[in-house]
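K.L.:
The following file, upload.txt, comprises compact mmCIF, C-alpha atoms and all ligand atoms:
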# COMPACT_ATOMS: atom_id res chain seq x y z
CA LEU T 1 123.69 108.98 134.63
CA SER T 2 125.00 106.01 136.55
CA ILE T 3 123.32 102.64 136.09
CA GLN T 4 121.91 103.00 139.60
CA ASP T 5 120.35 106.36 138.73
CA GLU T 6 119.03 105.04 135.45
CA ALA T 7 117.42 102.08 137.19
CA ARG T 8 115.88 104.44 139.74
CA SER T 9 114.62 106.67 136.97
CA ILE T 10 112.49 103.82 135.57
CA GLU T 11 111.33 102.64 139.01
CA LYS T 12 107.74 103.65 138.22
CA ASP T 13 107.70 101.38 135.16
CA ILE T 14 109.20 98.45 137.08
CA ILE T 15 106.64 98.83 139.86
CA SER T 16 103.71 99.15 137.47
CA TRP T 17 104.83 96.00 135.60
CA ARG T 18 105.18 94.17 138.88
CA ARG T 19 101.66 95.20 139.91
CA ALA T 20 100.14 94.20 136.58
CA ILE T 21 101.73 90.75 136.81
CA HIS T 22 100.88 90.46 140.49
CA ALA T 23 97.21 91.19 139.85
CA ASN T 24 96.90 88.40 137.30
CA PRO T 25 98.78 85.34 138.58
CA GLU T 26 98.94 82.22 136.43
CA LEU T 27 100.09 78.75 137.38
CA GLY T 28 102.66 76.28 136.14
CA LEU T 29 103.11 75.99 132.40
CA GLU T 30 99.78 77.70 131.77
CA THR T 31 100.84 81.34 131.67
CA PRO T 32 99.43 82.71 128.38
CA GLU T 33 98.41 86.12 129.71
CA THR T 34 101.71 86.65 131.48
CA GLU T 35 103.46 85.61 128.27
CA LYS T 36 101.45 88.20 126.33
CA PHE T 37 102.14 90.89 128.91
CA ILE T 38 105.89 90.23 128.78
CA ALA T 39 105.99 90.14 124.96
CA ASP T 40 103.89 93.32 124.66
CA THR T 41 106.04 95.14 127.19
CA LEU T 42 109.26 94.10 125.44
CA ALA T 43 107.80 95.29 122.14
CA GLU T 44 106.81 98.61 123.72
CA ILE T 45 110.36 99.02 124.98
CA GLY T 46 111.50 98.57 121.41
CA VAL T 47 113.03 95.09 121.58
CA GLU T 48 112.71 93.53 118.13
CA ASP T 49 113.75 89.91 118.49
CA ILE T 50 111.05 88.36 120.70
CA LYS T 51 110.02 84.71 120.64
CA THR T 52 106.93 83.56 122.46
CA GLY T 53 105.65 80.02 122.96
CA VAL T 54 109.04 78.58 123.95
CA GLY T 55 108.36 75.39 125.89
CA GLY T 56 104.67 76.33 126.01
CA HIS T 57 104.37 79.93 127.20
CA GLY T 58 107.98 80.92 127.80
CA VAL T 59 109.33 84.11 126.23
CA VAL T 60 112.87 84.61 124.94
CA ALA T 61 114.15 87.92 123.63
CA TYR T 62 117.53 89.00 122.32
CA ILE T 63 119.31 92.31 122.49
CA GLU T 64 122.36 92.44 120.30
CA GLY T 65 125.28 94.78 120.83
CA LYS T 66 127.35 96.60 118.23
CA THR T 67 130.60 94.81 119.07
CA VAL T 68 131.32 91.14 118.79
CA GLY T 69 131.30 89.28 122.05
CA LYS T 70 129.85 86.47 124.04
CA THR T 71 126.25 85.76 124.94
CA LEU T 72 124.82 86.27 128.39
CA ALA T 73 121.49 84.79 129.45
CA LEU T 74 119.44 86.60 132.10
CA ARG T 75 116.60 84.57 133.52
CA ALA T 76 113.42 85.47 135.39
CA ASP T 77 110.63 83.07 136.33
CA CYS T 78 107.06 84.29 136.02
CA ASP T 79 104.63 81.72 137.49
CA ALA T 80 102.51 81.97 140.63
CA LEU T 81 101.06 79.60 143.24
CA PRO T 82 97.62 78.18 144.06
CA VAL T 83 97.36 80.33 147.19
CA LYS T 84 94.45 82.65 147.97
CA GLU T 85 95.99 86.09 148.50
CA GLU T 86 95.48 87.80 151.87
CA THR T 87 97.91 90.72 151.63
CA GLY T 88 95.20 93.37 151.36
CA LEU T 89 97.26 95.15 148.66
CA SER T 90 95.30 97.41 146.31
CA PHE T 91 96.50 95.28 143.37
CA ALA T 92 96.03 91.92 145.12
CA ALA T 93 94.99 89.00 142.94
CA THR T 94 91.37 87.93 143.04
CA ASN T 95 91.48 84.79 140.90
CA GLY T 96 92.44 82.42 143.73
CA ASN T 97 96.12 82.29 142.79
CA MET T 98 98.93 84.43 144.06
CA HIS T 99 102.45 85.59 143.31
CA ALA T 100 103.52 84.39 146.75
CA CYS T 101 107.13 83.71 145.77
CA GLY T 102 108.08 87.04 144.20
CA HIS T 103 108.28 85.83 140.60
CA ASP T 104 106.25 88.92 139.65
CA ALA T 105 109.19 90.98 140.93
CA HIS T 106 111.74 88.86 139.05
CA THR T 107 109.91 89.42 135.77
CA ALA T 108 109.49 93.15 136.40
CA MET T 109 113.17 93.58 137.32
CA LEU T 110 114.24 91.79 134.13
CA LEU T 111 111.85 93.88 132.02
CA GLY T 112 113.52 96.90 133.59
CA ALA T 113 116.91 95.56 132.54
CA ALA T 114 115.54 94.99 129.03
CA LYS T 115 114.55 98.64 128.89
CA LEU T 116 117.98 99.88 129.98
CA LEU T 117 119.90 97.38 127.85
CA TRP T 118 117.87 98.28 124.80
CA LYS T 119 118.76 101.92 125.39
CA HIS T 120 122.43 101.02 125.82
CA ARG T 121 122.60 98.36 123.14
CA ASP T 122 125.38 100.18 121.32
CA GLU T 123 127.62 99.71 124.35
CA LEU T 124 126.85 96.02 124.63
CA LYS T 125 129.42 93.42 123.65
CA GLY T 126 127.89 90.34 122.10
CA LYS T 127 124.29 89.66 122.95
CA VAL T 128 121.90 89.23 125.80
CA GLN T 129 119.33 86.46 125.88
CA LEU T 130 116.39 87.37 128.11
CA ILE T 131 114.58 84.28 129.41
CA PHE T 132 111.12 84.60 130.95
CA GLN T 133 110.28 81.15 132.27
CA PRO T 134 106.99 79.68 133.52
CA ALA T 135 106.54 76.75 135.90
CA GLU T 136 109.45 77.24 138.26
CA GLU T 137 107.28 76.21 141.21
CA GLN T 138 106.64 72.83 139.63
CA VAL T 139 110.29 72.75 138.54
CA THR T 140 109.25 71.87 134.98
CA GLY T 141 109.51 75.22 133.17
CA ALA T 142 113.28 75.42 132.63
CA LYS T 143 113.30 71.88 131.33
CA ALA T 144 110.35 72.57 129.03
CA MET T 145 112.17 75.55 127.50
CA LEU T 146 115.45 73.64 127.16
CA ASP T 147 113.65 70.65 125.62
CA ASP T 148 112.09 73.08 123.15
CA GLY T 149 115.57 73.97 121.91
CA LEU T 150 116.26 77.14 123.90
CA PHE T 151 120.02 76.52 124.03
CA ASP T 152 120.17 74.70 120.69
CA ARG T 153 119.25 77.91 118.90
CA VAL T 154 121.50 80.20 120.94
CA LYS T 155 123.74 78.74 123.60
CA PRO T 156 124.77 81.41 126.08
CA ASP T 157 128.29 81.48 127.53
CA VAL T 158 127.10 82.51 130.98
CA ILE T 159 123.77 82.72 132.78
CA LEU T 160 122.59 84.86 135.69
CA GLY T 161 119.43 84.55 137.76
CA MET T 162 118.08 86.03 140.96
CA HIS T 163 115.54 85.28 143.66
CA THR T 164 113.92 87.91 145.81
CA GLY T 165 112.37 87.65 149.27
CA LEU T 166 113.39 86.00 152.50
CA ILE T 167 114.80 82.65 151.47
CA PHE T 168 118.42 82.90 152.55
CA GLY T 169 119.98 83.80 155.87
CA GLY T 170 122.81 86.30 155.94
CA PRO T 171 121.85 89.22 153.73
CA ASP T 172 119.55 91.86 155.25
CA TYR T 173 116.84 93.77 153.46
CA GLY T 174 118.20 95.61 150.44
CA GLN T 175 121.37 93.56 150.14
CA ILE T 176 122.42 91.25 147.35
CA GLY T 177 123.29 87.77 148.61
CA TYR T 178 125.75 85.42 146.97
CA ARG T 179 127.26 82.07 147.66
CA ASN T 180 130.05 80.15 145.95
CA GLY T 181 129.35 76.49 145.25
CA ALA T 182 126.18 74.68 146.29
CA MET T 183 123.33 77.04 147.16
CA MET T 184 120.11 75.06 146.77
CA ALA T 185 119.16 71.41 146.76
CA SER T 186 118.26 68.79 144.20
CA VAL T 187 114.54 68.04 144.26
CA ASP T 188 113.52 64.43 143.66
CA ARG T 189 110.18 62.76 144.26
CA PHE T 190 109.53 59.11 144.97
CA VAL T 191 106.45 56.92 145.19
CA VAL T 192 106.69 53.59 146.98
CA THR T 193 103.95 50.99 146.69
CA LEU T 194 104.07 48.24 149.30
CA LYS T 195 102.01 45.23 148.37
CA GLY T 196 100.70 42.54 150.68
CA LYS T 197 97.52 40.54 150.76
CA GLY T 198 94.25 41.87 152.13
CA SER T 199 92.49 40.06 154.95
CA HIS T 200 90.29 40.40 158.04
CA GLY T 201 91.95 42.52 160.70
CA ALA T 202 91.38 39.81 163.30
CA TYR T 203 93.14 37.16 161.20
CA PRO T 204 96.45 38.81 160.21
CA HIS T 205 98.08 35.42 159.58
CA SER T 206 95.78 34.87 156.66
CA GLY T 207 97.00 38.02 154.94
CA VAL T 208 100.22 39.95 154.37
CA ASP T 209 100.14 43.37 156.05
CA PRO T 210 101.46 46.34 154.02
CA VAL T 211 100.72 48.78 156.89
CA SER T 212 103.38 47.10 159.01
CA MET T 213 105.76 47.37 156.08
CA VAL T 214 105.09 51.13 155.95
CA GLY T 215 106.19 51.43 159.58
CA GLN T 216 109.47 49.65 158.95
CA VAL T 217 110.20 51.52 155.74
CA LEU T 218 109.57 54.91 157.40
CA VAL T 219 112.06 54.20 160.18
CA LYS T 220 114.71 52.72 157.90
CA LEU T 221 114.56 55.59 155.41
CA GLN T 222 115.62 58.01 158.14
CA THR T 223 118.55 55.79 159.11
CA ILE T 224 120.00 56.38 155.64
CA LEU T 225 120.48 59.96 156.79
CA SER T 226 121.59 59.28 160.35
CA ARG T 227 123.78 56.18 159.84
CA GLU T 228 124.81 55.78 156.22
CA LYS T 229 126.04 59.09 154.89
CA ASP T 230 128.53 61.69 156.06
CA PRO T 231 126.64 63.90 158.54
CA LEU T 232 128.44 66.93 157.10
CA ASP T 233 126.70 66.35 153.77
CA PRO T 234 123.19 67.76 154.22
CA ALA T 235 120.20 65.81 152.95
CA VAL T 236 116.52 65.44 153.68
CA ILE T 237 114.13 62.56 153.10
CA THR T 238 110.54 63.51 153.80
CA VAL T 239 107.57 61.22 153.38
CA GLY T 240 104.67 63.63 153.04
CA LYS T 241 101.89 61.36 151.97
CA ILE T 242 100.77 57.89 153.04
CA GLN T 243 97.73 56.19 151.61
CA GLY T 244 96.18 52.81 152.28
CA GLY T 245 93.31 51.06 153.89
CA THR T 246 89.55 51.47 154.00
CA ALA T 247 88.42 50.43 157.51
CA PHE T 248 89.70 49.81 161.02
CA ASN T 249 89.27 46.03 160.80
CA ILE T 250 90.60 45.33 157.34
CA ILE T 251 94.21 44.70 156.39
CA PRO T 252 94.57 46.42 153.03
CA GLY T 253 96.16 44.89 149.98
CA GLU T 254 98.60 47.72 149.48
CA CYS T 255 99.83 51.07 150.78
CA THR T 256 101.66 53.88 149.07
CA LEU T 257 104.19 56.38 150.40
CA GLU T 258 105.14 59.51 148.58
CA GLY T 259 108.05 61.73 149.46
CA THR T 260 110.89 63.99 148.46
CA VAL T 261 114.68 63.74 148.63
CA ARG T 262 116.81 66.90 148.87
CA THR T 263 120.57 66.92 148.60
CA LEU T 264 123.42 69.27 147.75
CA ASN T 265 125.92 66.66 146.65
CA PRO T 266 125.22 64.61 143.48
CA GLU T 267 126.93 61.52 144.96
CA VAL T 268 124.74 61.62 148.05
CA ARG T 269 121.73 62.03 145.78
CA ALA T 270 122.56 58.88 143.82
CA PHE T 271 123.36 56.97 147.01
CA ILE T 272 120.01 57.83 148.62
CA GLU T 273 118.04 56.74 145.58
CA LYS T 274 119.89 53.42 145.54
CA ARG T 275 119.33 52.85 149.26
CA ILE T 276 115.61 53.71 149.08
CA ARG T 277 115.22 51.02 146.41
CA GLU T 278 117.23 48.47 148.42
CA ILE T 279 115.47 49.15 151.72
CA VAL T 280 111.98 49.01 150.24
CA SER T 281 112.76 45.82 148.41
CA SER T 282 114.35 44.06 151.40
CA VAL T 283 111.67 45.18 153.91
CA SER T 284 108.82 44.05 151.71
CA GLU T 285 110.53 40.76 150.90
CA SER T 286 111.35 40.03 154.54
CA MET T 287 107.70 40.62 155.41
CA ARG T 288 106.39 38.33 152.66
CA GLY T 289 105.26 41.14 150.38
CA THR T 290 106.43 42.86 147.24
CA ALA T 291 107.11 46.47 146.39
CA GLU T 292 107.58 48.96 143.64
CA VAL T 293 109.62 52.17 143.74
CA LYS T 294 109.10 54.97 141.26
CA TYR T 295 111.79 57.63 141.46
CA PHE T 296 111.30 60.95 139.65
CA PRO T 297 114.47 63.03 139.50
CA GLY T 298 113.82 66.78 139.51
CA PRO T 299 116.35 69.56 139.14
CA PRO T 300 119.88 68.87 140.36
CA SER T 301 121.40 70.89 143.17
CA LEU T 302 122.11 74.50 142.25
CA ILE T 303 125.87 74.97 142.16
CA ASN T 304 127.21 78.42 141.39
CA ASP T 305 130.26 78.85 139.21
CA SER T 306 132.80 80.69 141.33
CA THR T 307 134.26 82.77 138.46
CA VAL T 308 130.86 84.06 137.37
CA ASN T 309 129.79 84.50 140.97
CA GLU T 310 132.85 86.55 141.87
CA LYS T 311 132.36 88.77 138.83
CA ALA T 312 128.72 89.33 139.86
CA VAL T 313 129.76 90.18 143.41
CA GLU T 314 132.39 92.63 142.16
CA ILE T 315 129.81 94.36 139.95
CA ALA T 316 127.23 94.40 142.77
CA LYS T 317 129.77 95.99 145.12
CA ASN T 318 130.52 98.67 142.55
CA LEU T 319 126.80 99.43 142.36
CA PHE T 320 125.72 99.18 145.97
CA GLY T 321 128.94 99.45 147.98
CA GLU T 322 130.63 96.87 150.22
CA ASP T 323 127.62 96.90 152.56
CA GLY T 324 125.21 96.34 149.70
CA VAL T 325 126.39 92.76 149.34
CA ALA T 326 126.50 89.89 151.82
CA GLU T 327 127.38 86.25 151.73
CA VAL T 328 124.57 83.73 152.14
CA LYS T 329 125.58 81.87 155.31
CA SER T 330 124.49 78.40 154.34
CA PRO T 331 122.74 76.69 151.47
CA VAL T 332 119.04 75.85 151.72
CA LEU T 333 117.39 72.57 150.86
CA GLY T 334 114.69 74.23 148.82
CA GLY T 335 115.03 73.64 145.10
CA GLU T 336 115.22 75.91 142.07
CA ASP T 337 115.00 74.77 138.48
CA PHE T 338 117.59 77.38 137.47
CA ALA T 339 119.89 74.44 138.22
CA TYR T 340 118.90 72.87 134.87
CA TYR T 341 120.45 75.79 133.00
CA LEU T 342 123.60 75.40 135.08
CA GLU T 343 123.97 71.86 133.76
CA HIS T 344 124.68 73.44 130.36
CA VAL T 345 126.19 76.82 131.12
CA PRO T 346 128.30 78.22 134.00
CA GLY T 347 126.42 80.83 135.93
CA ALA T 348 125.37 82.33 139.18
CA PHE T 349 122.16 82.61 141.10
CA LEU T 350 121.97 85.63 143.36
CA TYR T 351 119.69 86.56 146.18
CA HIS T 352 117.85 89.88 146.13
CA ALA T 353 116.77 90.45 149.74
CA GLY T 354 113.56 92.24 148.83
CA SER T 355 111.25 91.66 151.79
CA ASN T 356 111.45 94.52 154.26
CA PRO T 357 110.71 93.57 157.89
CA GLU T 358 110.29 97.24 158.79
CA LYS T 359 107.27 97.28 156.49
CA GLY T 360 105.89 94.12 158.08
CA GLN T 361 107.09 91.90 155.25
CA THR T 362 107.98 88.96 157.44
CA TYR T 363 105.71 86.27 156.01
CA PRO T 364 107.55 83.37 154.42
CA HIS T 365 107.51 82.42 150.78
CA HIS T 366 104.31 80.70 149.61
CA ASN T 367 102.37 82.33 152.47
CA SER T 368 99.13 84.15 151.58
CA ARG T 369 100.59 87.37 153.06
CA PHE T 370 104.05 87.16 151.47
CA ASP T 371 105.20 90.50 150.09
CA ILE T 372 108.28 92.32 148.87
CA ASP T 373 109.26 95.97 149.06
CA GLU T 374 108.84 97.68 145.71
CA ASP T 375 111.50 100.21 146.72
CA SER T 376 114.08 97.46 146.24
CA LEU T 377 113.15 96.47 142.69
CA TRP T 378 115.44 98.95 140.95
CA LYS T 379 118.42 97.14 142.47
CA GLY T 380 117.64 93.92 140.61
CA THR T 381 117.29 95.88 137.39
CA ALA T 382 120.55 97.75 138.03
CA LEU T 383 122.42 94.53 138.74
CA PHE T 384 121.11 92.66 135.67
CA THR T 385 121.95 95.69 133.52
CA ALA T 386 125.40 96.33 134.94
CA PHE T 387 126.33 92.66 134.71
CA ALA T 388 125.27 92.52 131.05
CA LEU T 389 127.34 95.61 130.23
CA GLN T 390 130.41 94.72 132.28
CA TRP T 391 130.80 90.98 132.71
CA GLN T 392 133.21 90.62 129.80
CA ASP T 393 135.49 93.43 130.99
ZN ZN T 401 108.40 79.39 145.35
ZN ZN T 402 110.44 81.18 143.75
Let me see the file written as structure tokens.
Ligand SMILES: [Zn+2]
Ligand SMILES: [Zn+2]

P.N.:
Amino acid sequence: LSIQDEARSIEKDIISWRRAIHANPELGLETPETEKFIADTLAEIGVEDIKTGVGGHGVVAYIEGKTVGKTLALRADCDALPVKEETGLSFAATNGNMHACGHDAHTAMLLGAAKLLWKHRDELKGKVQLIFQPAEEQVTGAKAMLDDGLFDRVKPDVILGMHTGLIFGGPDYGQIGYRNGAMMASVDRFVVTLKGKGSHGAYPHSGVDPVSMVGQVLVKLQTILSREKDPLDPAVITVGKIQGGTAFNIIPGECTLEGTVRTLNPEVRAFIEKRIREIVSSVSESMRGTAEVKYFPGPPSLINDSTVNEKAVEIAKNLFGEDGVAEVKSPVLGGEDFAYYLEHVPGAFLYHAGSNPEKGQTYPHHNSRFDIDEDSLWKGTALFTAFALQWQD
């Protein structure tokens, strides 16, 4: 049997795993039941080396080949979102959370690969490290597993990950998308506190007004993007939350702004952080106030290694034909904490275009009606499996 046929032959398993995970979504780092489901399923498959509790509730399993070789890590995320499901699926979640990003599919596809790789372990060179990671949505899960020594125990030589759904333009339903270089953005968060002096709204001269400072800061932050960096280097600064004040006739003592910075280029990322600090400090000072900036760096931008990427594309073309693969037209400024692994190990993140518009699957990620086509799951399993067996050839 070809790898494609083998993956198709276990389609029922992959779908049933996906449904079981879908029906019981867990959030963030708190994924104990998902952890148990993954570990139990791996044990049922026959996998012997299974570690649970990595970075909280992460699961890592190893399948070792007969011949000496390098180590490949395959990663799936497994957390859900605080979204009330409205898909109407027979296995829809009822606990108020939802797998609205397809991580249920990622986990099921990787379990499928575990099943095939276990069967073919004699043909494997080196070993495969299977990573089942919680808390991708909060972009803390990869870091938690790495901080818990994931790569200190076994450092892979290469890593491969995948995201299903509708995220990237270019590939159509059923295709595998790839992109050399930067594919997703760095995800930073900042909190700015502008401090003035509270007073009566009719006597502004007796106070120092932080609301006016907010106005200036908001405008100036956007000029970093429009006037200070190369327009061909994409970046976003979004202030999504402003808080301050208690009544229409009171000048508050302070206001806070909270926002996110997305970039593809590490130099632009560092520049924007520096300029946010400088602008906030100079605006507040010029308006007789003070300020504080807290900057929380998240995952860096996701940059694919071109050698690994090209190998993955070659293997995907062998599996699905020339038309089964398509280039992702442009990067997106969404983030993905797979980028943390890529700081340590060269790798590639692929796109599994799993939402099928012909079946009405047109709702975006994180939407209460988001869905993927189960008929496409075998492809993710086939690709993970084929890559593990062939990447060193
Ligand atoms: Zn998501
Ligand atoms: Zn996701």

K.L.:
I need the residue nearest ligand ZN 402 (chain T) from this list: T:Leu81, T:Ala93, T:Val208, T:Ala113. Use only C-alpha atoms and all ligand atoms for the distance.

P.N.:
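Once distances to ligand ZN 402 (chain T) are computed over only C-alpha atoms and all ligand atoms, the minimum belongs to T:Leu81.
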
K.L.:
Write as a list of chain:residue names the residues around ligand ZN 402 (chain T), taking 10 Å as the cut-off and counting all atoms listed in the file.

P.N.:
T:Ala76, T:Asp77, T:Cys78, T:Asp79, T:Ala80, T:Leu81, T:His99, T:Ala100, T:Cys101, T:Gly102, T:His103, T:Asp104, T:His106, T:Ala135, T:Glu136, T:Glu137, T:Val139, T:Met162, T:His163, T:Thr164, T:Gly165, T:Ile167, T:Gly334, T:Gly335, T:Glu336, T:Asp337, T:His365, T:His366

K.L.:
Kindly give the distance, in Å, that separates CA of Met145 in chain T and CA of Gln133 in chain T, rounded to a single decimal.

P.N.:
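So the two atoms, CA of Met145 in chain T and CA of Gln133 in chain T, lie 7.6 Å apart.
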
K.L.:
Residues proximal to (119.8, 76.5, 147.3) were defined as those with any atom within 12 Å of that point in the file's coordinates, counting only C-alpha atoms. Which are they, as a ChimeraX atom specification?

P.N.:
/T:162-163,167-169,177-187,234,262-265,299-304,328-339,348-351

K.L.:
Please, what distance in Å, to one decimal, runs between CA of Asn356 in chain T and CA of Ala316 in chain T?

P.N.:
19.5 Å

K.L.:
Looking at only C-alpha atoms, which of T:Ile38, T:Val325, T:Ala353, T:Cys255 is the one that sits closest to Gly53 in chain T?

P.N.:
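Closest to Gly53 in chain T, using only C-alpha atoms: T:Ile38.
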
K.L.:
Using all atoms listed in the file, which residue out of T:Gly28, T:Gly58, T:Lys51, T:Glu35 lies closest to ligand ZN 401 (chain T)?

P.N.:
T:Gly28

K.L.:
What does the structure give for the distance between CA of Gly289 in chain T and CA of Lys241 in chain T, in Å to one decimal?

P.N.:
20.6 Å

K.L.:
Pick from T:Asp230, T:Asp13, T:Glu33, T:Glu86: nearest to Asp371 in chain T, with all atoms listed in the file counted?

P.N.:
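Looking at the shortest contact to Asp371 in chain T, the residue is T:Glu86.
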
K.L.:
Choose the residue, out of T:Ile131, T:Ile237, T:Ala23, T:Val261, that has the smallest atom-to-atom separation from Phe296 in chain T; count all atoms listed in the file.

P.N.:
T:Val261

K.L.:
Output, as lines of an AutoDock Vina configuration file, the centre and edge lengths in Å (one decimal) of the axis-aligned box that contains all listed atoms of range 297-311 of chain T with 5 Å of margin on each side.

P.N.:
center_x = 124.0
center_y = 75.9
center_z = 140.3
size_x = 30.4
size_y = 35.7
size_z = 15.8

K.L.:
Show me as a list in words the residues that reach within 12 Å of (106.6, 97.7, 155.0), counting only C-alpha atoms and using the file's own coordinates.

P.N.:
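Residues lying no farther than 12 Å from the given point: Thr87, Leu89, Tyr173, Gly354, Ser355, Asn356, Pro357, Glu358, Lys359, Gly360, Gln361, Thr362, Tyr363, Phe370, Asp371, Ile372, Asp373, Glu374, Asp375 and Ser376 of chain T.
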